[in-house]
$ cat my_file-v1.cif   # mmCIF, C-alpha atoms
data_model
#
loop_
_atom_site.label_atom_id
_atom_site.label_comp_id
_atom_site.auth_asym_id
_atom_site.auth_seq_id
_atom_site.Cartn_x
_atom_site.Cartn_y
_atom_site.Cartn_z
CA MET F 1 -16.86 -13.74 -28.66
CA SER F 2 -14.44 -13.69 -25.78
CA ARG F 3 -11.18 -15.60 -25.51
CA GLN F 4 -10.79 -17.73 -22.41
CA ILE F 5 -7.47 -17.30 -20.67
CA PRO F 6 -5.91 -19.79 -18.23
CA LEU F 7 -6.43 -17.55 -15.23
CA THR F 8 -8.49 -17.88 -12.07
CA VAL F 9 -9.65 -14.65 -10.51
CA LEU F 10 -9.74 -14.86 -6.72
CA ALA F 11 -12.36 -12.20 -6.19
CA TRP F 12 -12.45 -10.31 -2.94
CA GLU F 13 -15.59 -8.24 -3.49
CA GLY F 14 -14.78 -4.61 -4.17
CA PRO F 15 -13.54 -2.15 -6.79
CA GLN F 16 -10.31 -4.00 -7.51
CA ALA F 17 -11.83 -7.34 -8.48
CA ARG F 18 -14.49 -5.53 -10.49
CA ALA F 19 -11.93 -3.39 -12.33
CA TYR F 20 -9.93 -6.46 -13.38
CA LEU F 21 -13.02 -8.23 -14.68
CA ALA F 22 -14.38 -5.15 -16.47
CA ARG F 23 -11.02 -4.52 -18.14
CA MET F 24 -10.67 -8.18 -19.16
CA LYS F 25 -14.14 -8.09 -20.65
CA ARG F 26 -13.24 -5.01 -22.64
CA ALA F 27 -10.16 -6.83 -23.95
CA GLY F 28 -12.36 -9.73 -25.05
CA MET F 29 -11.01 -12.05 -22.38
CA SER F 30 -12.72 -14.35 -19.91
CA PRO F 31 -10.93 -15.98 -17.00
CA GLU F 32 -11.33 -19.74 -16.79
CA ARG F 33 -13.04 -19.34 -13.42
CA ILE F 34 -13.86 -16.88 -10.68
CA ILE F 35 -13.61 -17.89 -7.05
CA LEU F 36 -15.72 -15.37 -5.16
CA MET F 37 -14.87 -15.11 -1.48
CA ILE F 38 -17.94 -14.44 0.63
CA LYS F 39 -17.46 -13.38 4.22
CA ASP F 40 -19.24 -16.00 6.27
CA PRO F 41 -21.36 -14.35 8.97
CA ARG F 42 -21.15 -17.53 11.06
CA ASN F 43 -17.36 -17.28 11.11
CA SER F 44 -17.05 -20.97 11.92
CA PRO F 45 -14.97 -23.56 10.06
CA LEU F 46 -17.53 -26.25 10.90
CA ALA F 47 -20.88 -24.75 9.91
CA LYS F 48 -20.58 -22.79 6.67
CA VAL F 49 -23.42 -20.63 5.46
CA THR F 50 -25.09 -22.07 2.34
CA GLY F 51 -28.07 -21.55 0.02
CA ARG F 52 -30.16 -18.45 0.68
CA GLY F 53 -27.94 -17.55 3.62
CA LEU F 54 -24.95 -17.41 1.28
CA ALA F 55 -26.86 -15.26 -1.22
CA LYS F 56 -27.84 -12.92 1.59
CA ALA F 57 -24.23 -12.73 2.80
CA GLU F 58 -23.09 -11.98 -0.76
CA LYS F 59 -25.58 -9.15 -1.04
CA ALA F 60 -24.55 -7.69 2.31
CA GLN F 61 -20.90 -7.91 1.29
CA GLU F 62 -21.61 -6.21 -2.02
CA ARG F 63 -23.19 -3.26 -0.21
CA ALA F 64 -20.49 -3.02 2.45
CA HIS F 65 -17.44 -3.36 0.21
CA ASN F 66 -18.71 -0.95 -2.42
CA PHE F 67 -20.29 1.55 -0.06
CA HIS F 68 -17.77 4.32 -0.67
CA PRO F 69 -17.67 4.17 -4.48
CA HIS F 70 -21.47 4.10 -4.62
CA ARG F 71 -21.69 7.00 -2.19
CA MET F 72 -19.14 9.05 -4.12
CA ARG F 73 -20.82 8.38 -7.45
CA ALA F 74 -24.10 9.63 -6.00
CA GLY F 75 -22.81 12.55 -3.96
CA ASN F 76 -19.54 13.68 -5.53
CA ARG F 77 -20.30 13.84 -9.22
CA GLY F 78 -17.78 16.62 -9.82
CA LEU F 79 -15.05 14.50 -8.26
CA ILE F 80 -15.97 11.51 -10.41
CA ALA F 81 -15.99 13.67 -13.54
CA ALA F 82 -12.55 15.04 -12.64
CA ILE F 83 -11.19 11.53 -12.00
CA THR F 84 -12.44 10.21 -15.32
CA ALA F 85 -10.99 13.23 -17.13
CA GLY F 86 -7.66 12.84 -15.32
CA LEU F 87 -7.44 9.11 -15.99
CA ALA F 88 -8.13 9.59 -19.69
CA GLY F 89 -4.38 10.16 -20.07
CA GLN F 90 -3.69 6.72 -18.64
CA LEU F 91 -6.43 4.50 -20.10
CA ASP F 92 -9.31 4.44 -22.57
CA ASP F 93 -12.81 5.38 -21.47
CA PRO F 94 -12.42 5.36 -17.69
CA ALA F 95 -16.01 6.54 -17.29
CA GLY F 96 -17.24 3.46 -19.16
CA LEU F 97 -15.12 1.15 -17.02
CA ILE F 98 -16.40 2.77 -13.81
CA SER F 99 -19.93 2.29 -15.08
CA GLU F 100 -19.21 -1.38 -15.79
CA MET F 101 -17.77 -1.77 -12.29
CA PHE F 102 -20.74 -0.36 -10.45
CA ASP F 103 -23.88 -0.28 -12.64
CA SER F 104 -25.70 -3.63 -12.67
CA PHE F 105 -22.47 -5.50 -12.02
CA SER F 106 -22.68 -9.27 -11.60
CA TYR F 107 -19.82 -11.73 -11.23
CA ASP F 108 -21.87 -14.08 -13.41
CA ASP F 109 -21.53 -11.80 -16.46
CA PHE F 110 -17.91 -12.46 -17.33
CA GLY F 111 -18.16 -15.70 -19.23
CA ALA F 112 -16.64 -17.77 -16.45
CA PRO F 113 -18.07 -20.15 -13.89
CA VAL F 114 -18.29 -18.53 -10.47
CA GLU F 115 -17.59 -20.59 -7.39
CA ARG F 116 -18.87 -18.89 -4.26
CA VAL F 117 -16.90 -19.87 -1.17
CA ALA F 118 -17.97 -18.90 2.34
CA VAL F 119 -14.83 -17.97 4.27
CA SER F 120 -13.79 -16.21 7.43
CA GLY F 121 -10.76 -14.80 5.61
CA TYR F 122 -7.66 -15.83 3.69
CA ARG F 123 -6.60 -18.23 6.45
CA ASP F 124 -9.85 -20.18 6.29
CA PRO F 125 -8.96 -23.77 5.24
CA ALA F 126 -12.05 -23.75 2.99
CA LEU F 127 -10.36 -21.22 0.73
CA ARG F 128 -7.20 -23.24 0.40
CA GLU F 129 -9.30 -26.30 -0.35
CA ALA F 130 -11.32 -24.46 -2.99
CA ILE F 131 -8.22 -23.20 -4.76
CA ALA F 132 -6.51 -26.59 -4.59
CA ALA F 133 -9.62 -28.38 -5.87
CA SER F 134 -10.00 -25.93 -8.75
CA GLY F 135 -6.68 -27.00 -10.24
CA ALA F 136 -5.82 -23.34 -10.83
CA GLU F 137 -2.26 -22.74 -11.97
CA LEU F 138 -2.41 -18.97 -12.37
CA LEU F 139 -4.42 -16.99 -9.83
CA LEU F 140 -5.05 -13.25 -9.79
CA PHE F 141 -5.09 -11.82 -6.26
CA THR F 142 -7.52 -8.93 -5.86
CA GLY F 143 -6.71 -7.73 -2.37
CA GLY F 144 -8.58 -7.79 0.90
CA GLY F 145 -5.96 -9.31 3.17
CA ILE F 146 -2.69 -11.16 3.44
CA MET F 147 -2.39 -14.30 1.37
CA PRO F 148 -1.04 -17.04 3.65
CA ALA F 149 1.95 -19.15 2.73
CA GLU F 150 -0.24 -22.29 2.79
CA ILE F 151 -2.00 -21.02 -0.34
CA LEU F 152 1.04 -19.53 -2.04
CA GLN F 153 2.85 -22.84 -1.66
CA LEU F 154 0.16 -25.00 -3.26
CA PRO F 155 1.92 -27.18 -5.84
CA GLY F 156 1.91 -25.71 -9.34
CA LEU F 157 0.17 -22.48 -8.30
CA ARG F 158 1.45 -19.02 -9.24
CA VAL F 159 -0.32 -16.01 -7.74
CA ILE F 160 -0.20 -12.64 -9.49
CA HIS F 161 -0.40 -9.41 -7.53
CA VAL F 162 -0.44 -5.96 -9.07
CA HIS F 163 1.09 -3.13 -7.08
CA THR F 164 0.83 0.59 -7.82
CA GLY F 165 4.52 1.27 -7.36
CA PHE F 166 7.45 0.76 -9.69
CA LEU F 167 9.29 -2.31 -8.40
CA PRO F 168 11.88 -2.87 -7.12
CA ASP F 169 12.15 0.83 -6.21
CA VAL F 170 8.81 1.44 -4.48
CA ARG F 171 7.51 -1.19 -2.07
CA GLY F 172 4.99 -1.13 0.74
CA ALA F 173 1.81 0.83 1.46
CA ASP F 174 0.25 4.01 0.04
CA VAL F 175 2.63 3.53 -2.87
CA LEU F 176 0.60 5.46 -5.43
CA LEU F 177 0.89 8.57 -3.25
CA TRP F 178 4.53 7.87 -2.44
CA SER F 179 5.27 7.44 -6.15
CA LEU F 180 3.72 10.80 -6.94
CA MET F 181 5.68 12.56 -4.20
CA VAL F 182 9.01 10.85 -4.75
CA ARG F 183 9.11 10.09 -8.47
CA GLY F 184 6.58 12.63 -9.76
CA ARG F 185 4.50 9.96 -11.50
CA PRO F 186 2.64 6.74 -10.74
CA GLY F 187 4.24 3.39 -11.27
CA VAL F 188 2.76 -0.07 -11.52
CA SER F 189 4.15 -3.58 -11.34
CA ALA F 190 2.85 -7.12 -11.63
CA PHE F 191 4.67 -9.83 -9.75
CA LEU F 192 4.34 -13.35 -8.43
CA MET F 193 3.47 -13.25 -4.76
CA THR F 194 5.66 -14.73 -2.06
CA PRO F 195 4.95 -14.84 1.68
CA ARG F 196 7.11 -11.70 2.03
CA LEU F 197 6.29 -8.12 1.08
CA ASP F 198 6.44 -7.14 -2.61
CA ASP F 199 9.58 -9.16 -3.35
CA GLY F 200 8.32 -11.73 -5.87
CA ASP F 201 9.56 -12.20 -9.41
CA LEU F 202 8.37 -9.50 -11.77
CA LEU F 203 6.06 -10.09 -14.71
CA GLY F 204 6.41 -6.44 -15.67
CA ALA F 205 6.78 -2.94 -14.28
CA ALA F 206 6.27 0.51 -15.73
CA GLU F 207 6.33 4.14 -14.80
CA LEU F 208 3.29 5.95 -16.12
CA PRO F 209 2.77 9.48 -17.40
CA PRO F 210 2.43 12.07 -14.62
CA LEU F 211 -1.07 12.06 -13.16
CA ALA F 212 -2.93 15.15 -12.00
CA ILE F 213 -6.66 15.46 -11.45
CA PRO F 214 -7.52 19.15 -11.28
CA LEU F 215 -10.52 19.85 -9.06
CA PRO F 216 -12.53 23.05 -8.89
CA ALA F 217 -12.71 24.34 -5.31
CA ALA F 218 -16.48 23.84 -5.23
CA GLU F 219 -16.09 20.14 -6.07
CA ARG F 220 -13.33 19.42 -3.58
CA PRO F 221 -14.38 17.03 -0.79
CA ASP F 222 -12.38 16.43 2.39
CA ASP F 223 -9.13 14.49 2.30
CA GLU F 224 -10.79 11.33 3.61
CA THR F 225 -13.09 11.24 0.57
CA LEU F 226 -10.22 12.01 -1.81
CA TYR F 227 -8.22 9.18 -0.24
CA ARG F 228 -11.14 6.79 -0.59
CA SER F 229 -11.51 7.80 -4.23
CA LEU F 230 -7.99 6.51 -4.80
CA PHE F 231 -8.97 3.01 -3.72
CA SER F 232 -12.43 3.14 -5.22
CA PHE F 233 -11.48 4.20 -8.74
CA ILE F 234 -7.94 5.38 -9.50
CA ASP F 235 -5.80 2.63 -8.05
CA PRO F 236 -8.02 -0.25 -9.28
CA LEU F 237 -8.20 1.11 -12.81
CA ILE F 238 -4.45 1.70 -13.04
CA ARG F 239 -3.77 -1.85 -11.88
CA ALA F 240 -6.34 -3.35 -14.23
CA GLU F 241 -5.13 -1.38 -17.22
CA PHE F 242 -1.57 -2.50 -16.65
CA VAL F 243 -2.06 -6.18 -15.98
CA VAL F 244 -4.61 -6.70 -18.74
CA GLY F 245 -3.15 -4.32 -21.33
CA GLN F 246 0.54 -4.90 -20.70
CA ILE F 247 0.77 -8.44 -19.35
CA PHE F 248 -2.26 -10.50 -20.41
CA GLU F 249 -3.01 -9.08 -23.85
CA PRO F 250 0.51 -9.33 -25.30
CA ALA F 251 1.09 -12.85 -23.91
CA SER F 252 0.72 -15.55 -26.53
CA ASP F 253 0.64 -18.21 -23.83
CA LEU F 254 -0.38 -16.93 -20.41
CA ALA F 255 0.41 -20.27 -18.80
CA ALA F 256 4.04 -19.83 -19.81
CA LEU F 257 4.31 -16.24 -18.64
CA GLY F 258 7.96 -15.43 -17.94
CA SER F 259 9.17 -13.59 -14.87
CA THR F 260 12.36 -11.88 -13.70
CA ALA F 261 13.84 -11.83 -10.22
CA GLN F 262 13.80 -8.44 -8.50
CA ASP F 263 16.98 -6.82 -7.27
CA LEU F 264 16.20 -6.92 -3.56
CA ASN F 265 19.16 -4.70 -2.72
CA VAL F 266 17.50 -1.62 -4.11
CA GLY F 267 14.29 0.15 -3.30
CA VAL F 268 12.56 1.60 -0.28
CA THR F 269 9.72 0.01 1.68
CA PHE F 270 7.25 2.77 2.45
CA HIS F 271 4.61 2.69 5.16
CA PHE F 272 1.23 4.43 5.40
CA MET F 273 1.55 8.18 5.21
CA ALA F 274 1.10 10.44 8.21
CA PRO F 275 -2.04 12.55 7.75
CA GLN F 276 -0.02 15.69 7.03
CA LEU F 277 2.06 14.06 4.32
CA ARG F 278 -0.98 12.33 2.86
CA SER F 279 -2.71 15.68 2.64
CA ALA F 280 0.27 17.13 0.77
CA ALA F 281 0.32 14.17 -1.62
CA LEU F 282 -3.41 14.47 -2.23
CA ALA F 283 -2.94 18.18 -2.94
CA GLN F 284 -0.39 17.26 -5.61
CA LEU F 285 -2.68 14.62 -7.12
CA PHE F 286 -5.77 16.82 -6.95
CA PRO F 287 -4.53 20.37 -7.64
CA SER F 288 -6.99 23.25 -7.72
CA ALA F 289 -8.52 23.69 -11.17
CA MET J 1 12.36 31.73 17.64
CA SER J 2 12.72 28.02 16.96
CA THR J 3 15.57 26.00 18.43
CA ALA J 4 18.28 25.02 15.95
CA PRO J 5 18.42 21.30 15.14
CA ALA J 6 22.01 21.06 16.39
CA GLU J 7 20.91 22.35 19.79
CA ILE J 8 17.97 19.92 19.90
CA ILE J 9 20.24 17.03 19.02
CA ALA J 10 22.77 17.97 21.68
CA GLN J 11 20.14 18.29 24.39
CA ILE J 12 18.40 15.06 23.49
CA ALA J 13 21.71 13.18 23.17
CA ALA J 14 22.48 14.22 26.75
CA LEU J 15 19.22 12.60 27.89
CA GLN J 16 19.92 9.19 26.40
CA PRO J 17 20.08 6.30 28.88
CA ALA J 18 22.70 3.60 28.63
CA ALA J 19 21.44 0.66 26.58
CA ALA J 20 20.72 -2.46 28.60
CA ALA J 21 21.72 -5.94 27.43
CA THR J 22 19.20 -7.63 25.14
CA ALA J 23 18.08 -11.21 24.69
CA GLU J 24 19.36 -13.16 21.70
CA GLY J 25 17.71 -12.06 18.46
CA GLN J 26 16.65 -8.75 19.99
CA THR J 27 17.95 -5.27 19.27
CA SER J 28 17.87 -2.44 21.75
CA SER J 29 16.22 0.74 20.47
CA ALA J 30 18.33 2.72 22.95
CA ALA J 31 21.52 1.22 21.51
CA VAL J 32 20.49 2.04 17.94
CA VAL J 33 19.50 5.57 18.86
CA GLY J 34 22.66 6.12 20.90
CA ALA J 35 24.85 5.00 18.02
CA ARG J 36 22.95 6.75 15.25
CA LEU J 37 22.62 10.12 16.99
CA GLY J 38 26.29 10.80 16.44
CA ASP J 39 26.54 9.31 12.99
CA GLY J 40 24.72 11.81 10.75
CA ILE J 41 22.88 10.74 7.62
CA ALA J 42 22.96 7.01 6.89
CA ALA J 43 24.42 5.92 3.56
CA PRO J 44 22.25 3.77 1.29
CA GLY J 45 22.57 0.08 2.09
CA ALA J 46 23.23 -1.59 5.41
CA GLU J 47 23.54 1.68 7.34
CA ARG J 48 19.88 2.29 6.70
CA ASP J 49 18.70 -1.03 8.07
CA GLU J 50 18.60 0.00 11.73
CA ILE J 51 16.73 3.18 10.87
CA ASN J 52 14.28 1.23 8.74
CA GLU J 53 13.60 -0.86 11.84
CA LEU J 54 12.79 2.28 13.84
CA CYS J 55 10.42 3.38 11.05
CA ARG J 56 8.80 -0.04 10.98
CA GLN J 57 8.10 0.05 14.69
CA ILE J 58 6.66 3.55 14.60
CA ASP J 59 4.64 3.01 11.42
CA VAL J 60 3.49 -0.59 11.82
CA PHE J 61 3.57 -1.15 15.59
CA LYS J 62 2.56 2.47 16.25
CA ARG J 63 5.03 2.58 19.14
CA LEU J 64 8.71 2.06 19.85
CA GLN J 65 9.59 -1.00 21.89
CA ALA J 66 12.59 -0.99 24.24
CA ASP J 67 13.85 -4.08 22.40
CA TYR J 68 12.63 -5.52 19.12
CA SER J 69 13.15 -8.46 16.78
CA ALA J 70 12.83 -8.78 13.02
CA ASP J 71 9.21 -9.89 13.43
CA TRP J 72 6.59 -7.80 11.64
CA LYS J 73 4.11 -8.34 14.46
CA PRO J 74 4.48 -6.19 17.57
CA ASP J 75 5.16 -7.92 20.85
CA LYS J 76 2.32 -6.50 22.90
CA GLU J 77 3.98 -7.60 26.14
CA ALA J 78 7.28 -5.90 25.32
CA PRO J 79 8.18 -2.84 27.39
CA LEU J 80 8.11 0.45 25.52
CA ALA J 81 11.22 2.52 24.93
CA ALA J 82 11.70 5.37 27.40
CA PRO J 83 10.38 8.75 26.17
CA GLU J 84 13.98 10.00 25.97
CA VAL J 85 14.80 7.17 23.55
CA VAL J 86 11.72 7.95 21.45
CA ALA J 87 12.85 11.57 21.33
CA GLY J 88 16.29 10.35 20.27
CA ALA J 89 14.76 8.17 17.58
CA THR J 90 12.77 11.16 16.33
CA CYS J 91 16.00 13.16 16.15
CA VAL J 92 17.69 10.37 14.19
CA LEU J 93 14.77 10.33 11.76
CA LEU J 94 14.80 14.10 11.33
CA ILE J 95 18.55 14.10 10.74
CA ASN J 96 18.00 11.52 8.00
CA ALA J 97 15.09 13.52 6.58
CA GLU J 98 17.38 16.42 5.76
CA PRO J 99 18.11 15.43 2.12
CA ALA J 100 14.39 15.57 1.36
CA THR J 101 14.28 19.20 2.44
CA THR J 102 16.71 20.16 -0.31
CA GLY J 103 15.26 17.94 -3.04
CA ASN J 104 18.21 15.57 -2.79
CA ASP J 105 16.19 12.45 -2.08
CA PRO J 106 15.98 10.47 -5.31
CA ASP J 107 14.60 7.26 -3.80
CA GLY J 108 12.32 8.84 -1.18
CA TRP J 109 14.07 7.31 1.81
CA SER J 110 14.51 10.66 3.54
CA LEU J 111 10.85 11.49 3.04
CA LYS J 112 10.03 8.12 4.58
CA CYS J 113 12.12 9.07 7.63
CA LEU J 114 10.27 12.38 7.88
CA ASN J 115 6.96 10.53 7.70
CA SER J 116 7.94 8.34 10.64
CA ALA J 117 9.22 11.33 12.61
CA LEU J 118 5.86 13.08 12.19
CA LYS J 119 4.11 9.97 13.46
CA ALA J 120 6.49 9.53 16.41
CA ILE J 121 5.74 13.06 17.56
CA GLU J 122 2.02 12.54 17.09
CA GLN J 123 2.04 9.21 18.95
CA ASN J 124 3.96 10.42 21.99
CA GLU J 125 2.61 13.35 23.96
CA GLN J 126 5.21 12.93 26.71
CA LEU J 127 8.29 13.33 24.48
CA PRO J 128 11.02 15.46 25.99
CA MET J 129 11.44 18.63 23.87
CA ARG J 130 8.29 17.75 21.96
CA ALA J 131 7.59 21.34 20.92
CA GLU J 132 11.14 21.75 19.61
CA LEU J 133 11.01 18.44 17.73
CA SER J 134 7.65 19.39 16.30
CA GLY J 135 8.99 22.75 15.11
CA TRP J 136 11.93 21.03 13.43
CA ALA J 137 9.63 18.44 11.83
CA GLN J 138 7.25 21.11 10.55
CA ALA J 139 10.06 23.10 8.98
CA SER J 140 11.42 19.92 7.38
CA PHE J 141 7.97 18.97 6.16
CA SER J 142 7.33 22.32 4.45
CA ALA J 143 10.70 22.25 2.72
CA ALA J 144 10.38 18.58 1.72
CA VAL J 145 6.95 19.03 0.17
CA ALA J 146 8.07 22.13 -1.73
CA ASN J 147 11.09 20.21 -3.06
CA SER J 148 9.37 16.89 -3.76
CA ALA J 149 9.38 15.42 -7.26
CA GLY J 150 5.62 15.85 -7.41
CA ALA J 151 5.95 19.59 -6.85
CA ARG J 152 8.54 20.09 -9.57
#
$ encode --input "my_file-v1.cif" --output "structure tokens"
Amino acid sequence: MSRQIPLTVLAWEGPQARAYLARMKRAGMSPERIILMIKDPRNSPLAKVTGRGLAKAEKAQERAHNFHPHRMRAGNRGLIAAITAGLAGQLDDPAGLISEMFDSFSYDDFGAPVERVAVSGYRDPALREAIAASGAELLLFTGGGIMPAEILQLPGLRVIHVHTGFLPDVRGADVLLWSLMVRGRPGVSAFLMTPRLDDGDLLGAAELPPLAIPLPAAERPDDETLYRSLFSFIDPLIRAEFVVGQIFEPASDLAALGSTAQDLNVGVTFHFMAPQLRSAALAQLFPSA
Amino acid sequence: MSTAPAEIIAQIAALQPAAAATAEGQTSSAAVVGARLGDGIAAPGAERDEINELCRQIDVFKRLQADYSADWKPDKEAPLAAPEVVAGATCVLLINAEPATTGNDPDGWSLKCLNSALKAIEQNEQLPMRAELSGWAQASFSAAVANSAGAR
């Protein structure tokens, strides 16, 4: 029997949304609703795809957005085994969670009504209308673009974003890799989104145990695949473990979740790593076994 | 034998053009580079702001504009900074990357500067003294990685 929590999951199809839902299910929690964004192939605000067209678009999106994790699970089994072994120090049964994310996954299996909304992106007025009409007060952002101010400023709405850097110290992009290079360990933070970058009030932040995923030379793919494995498995599972295990589970009343202002005078905003630096960071994360 | 950073800085400083006047709300990259080239490593706080703006242009815009505003979107019509100014900006970034090479970079800001310097060199094939800047950046990179928190 799962416990319904007053949370709407704004699902942008992909590993992150799936990791949140799989981890919530494991914790015995169901969100009150899921709003599943479906990329509208018509890309027109006037004539939205519906019916079988929408189902077809959902299927195409499922294949496209999960192409890399599916490909890695089929072709890089040694890498997946190393990732699940490495993540075992951070969370319980990562292999089981990865299986839940990608084997027979359906958004309809999480005990919550699923509203499928055809959109061109986050700026599509249909998305704002769907969120406003849902009456959601607490929304979990799952990535896939920049949330516009028009949504963030809906009356009574708070939007949670989880970031794999320890805030306020580590802001920006590629922050899991930056955290490993600069602080020697991953960090993770949950905060309430604002229209600016990573500066919202904190729901919680933590630095995690050092993370290393030793890889035998024979199992080592190229850096591009290693980088994709971060966003297919490692980063989503770290975020999901933190927000569900450290924020949602301990909260007696999620609707009254407290937050703390960040000190905006500290911290560094990092940008995407140059290939050379990224390679060095990946070598630290995936040392030779 | 590689050229010493002090020699690279002196030669590139001599190439810097005078900064032209800017429109209201705009900052001149040449003015920032000209001022920062003689100022050594920026202290945490406001001194870093101008250098963060250089990083933002190189990392987000993927180019250095002659003048820029606080906007996060590049102005595609804006003229680019002269190659000498980009070389100067790269010098400024490498000067500020120095603490990372000795493991004295607790918040990662110096490594961020090194990251942007690597990209500036990669993005600009016409940089004056590109080979010398690249040699300096590579030496800094090797030392910074060896001294990073993740390597300790």
$ residues_around --input "my_file-v1.cif" --residues "region 69-77 of chain J" --least-positions-apart "2" --cutoff "10 Å" --atoms "only C-alpha atoms" --output "JSON list (two decimals) with C-alpha atoms, in the frame of the given file"
[["chain", "number", "residue", "atom", "x", "y", "z"],
["J", 23, "ALA", "CA", 18.08, -11.21, 24.69],
["J", 24, "GLU", "CA", 19.36, -13.16, 21.70],
["J", 25, "GLY", "CA", 17.71, -12.06, 18.46],
["J", 26, "GLN", "CA", 16.65, -8.75, 19.99],
["J", 27, "THR", "CA", 17.95, -5.27, 19.27],
["J", 28, "SER", "CA", 17.87, -2.44, 21.75],
["J", 53, "GLU", "CA", 13.60, -0.86, 11.84],
["J", 56, "ARG", "CA", 8.80, -0.04, 10.98],
["J", 57, "GLN", "CA", 8.10, 0.05, 14.69],
["J", 60, "VAL", "CA", 3.49, -0.59, 11.82],
["J", 61, "PHE", "CA", 3.57, -1.15, 15.59],
["J", 62, "LYS", "CA", 2.56, 2.47, 16.25],
["J", 63, "ARG", "CA", 5.03, 2.58, 19.14],
["J", 64, "LEU", "CA", 8.71, 2.06, 19.85],
["J", 65, "GLN", "CA", 9.59, -1.00, 21.89],
["J", 67, "ASP", "CA", 13.85, -4.08, 22.40],
["J", 79, "PRO", "CA", 8.18, -2.84, 27.39],
["J", 80, "LEU", "CA", 8.11, 0.45, 25.52]]
$ closest_residue --input "my_file-v1.cif" --among "J:Gly103, J:Leu111, J:Gly45, J:Leu133" --to "Arg152 (chain J)" --atoms "only C-alpha atoms"
J:Gly103
$ resolve_selection --input "my_file-v1.cif" --expression "the PyMOL selection byres ((chain F) within 10 of (chain J))" --output "PyMOL selection string"
chain F and resi 169-170+177-185+210-212+265-278+280-281+283-285
$ resolve_selection --input "my_file-v1.cif" --expression "the PyMOL selection byres ((chain F and resi 34) around 7)" --output "count of residues only"
11
$ residues_around --input "my_file-v1.cif" --residues "Ser288 (chain F)" --least-positions-apart "2" --cutoff "7 Å" --atoms "all atoms listed in the file" --output "PDB file with C-alpha atoms, keeping the file's coordinate frame"
ATOM      1  CA  PRO F 214      -7.520  19.150 -11.280  1.00  0.00           C
ATOM      2  CA  LEU F 215     -10.520  19.850  -9.060  1.00  0.00           C
ATOM      3  CA  PRO F 216     -12.530  23.050  -8.890  1.00  0.00           C
ATOM      4  CA  ALA F 217     -12.710  24.340  -5.310  1.00  0.00           C
ATOM      5  CA  PHE F 286      -5.770  16.820  -6.950  1.00  0.00           C
TER       6      PHE F 286
END
$ resolve_selection --input "my_file-v1.cif" --expression "the PyMOL selection byres ((chain F and resi 4) around 7)" --output "number ranges by chain"
F: 2-3, 5-6, 29-32
$ atom_distance --input "my_file-v1.cif" --atom1 "CA of Gly144 (chain F)" --atom2 "CA of Leu197 (chain F)"
14.9 Å
$ atom_distance --input "my_file-v1.cif" --atom1 "CA of Pro99 (chain J)" --atom2 "CA of Gly135 (chain J)"
17.5 Å
$ residues_around --input "my_file-v1.cif" --residues "Gly89 (chain F)" --least-positions-apart "3" --cutoff "12 Å" --atoms "all atoms listed in the file" --output "list in words"
Ile83, Thr84, Ala85, Gly86, Asp92, Asp93, Pro94, Leu208, Pro209, Pro210, Leu211, Ala212, Ile213, Ile238 and Glu241 of chain F
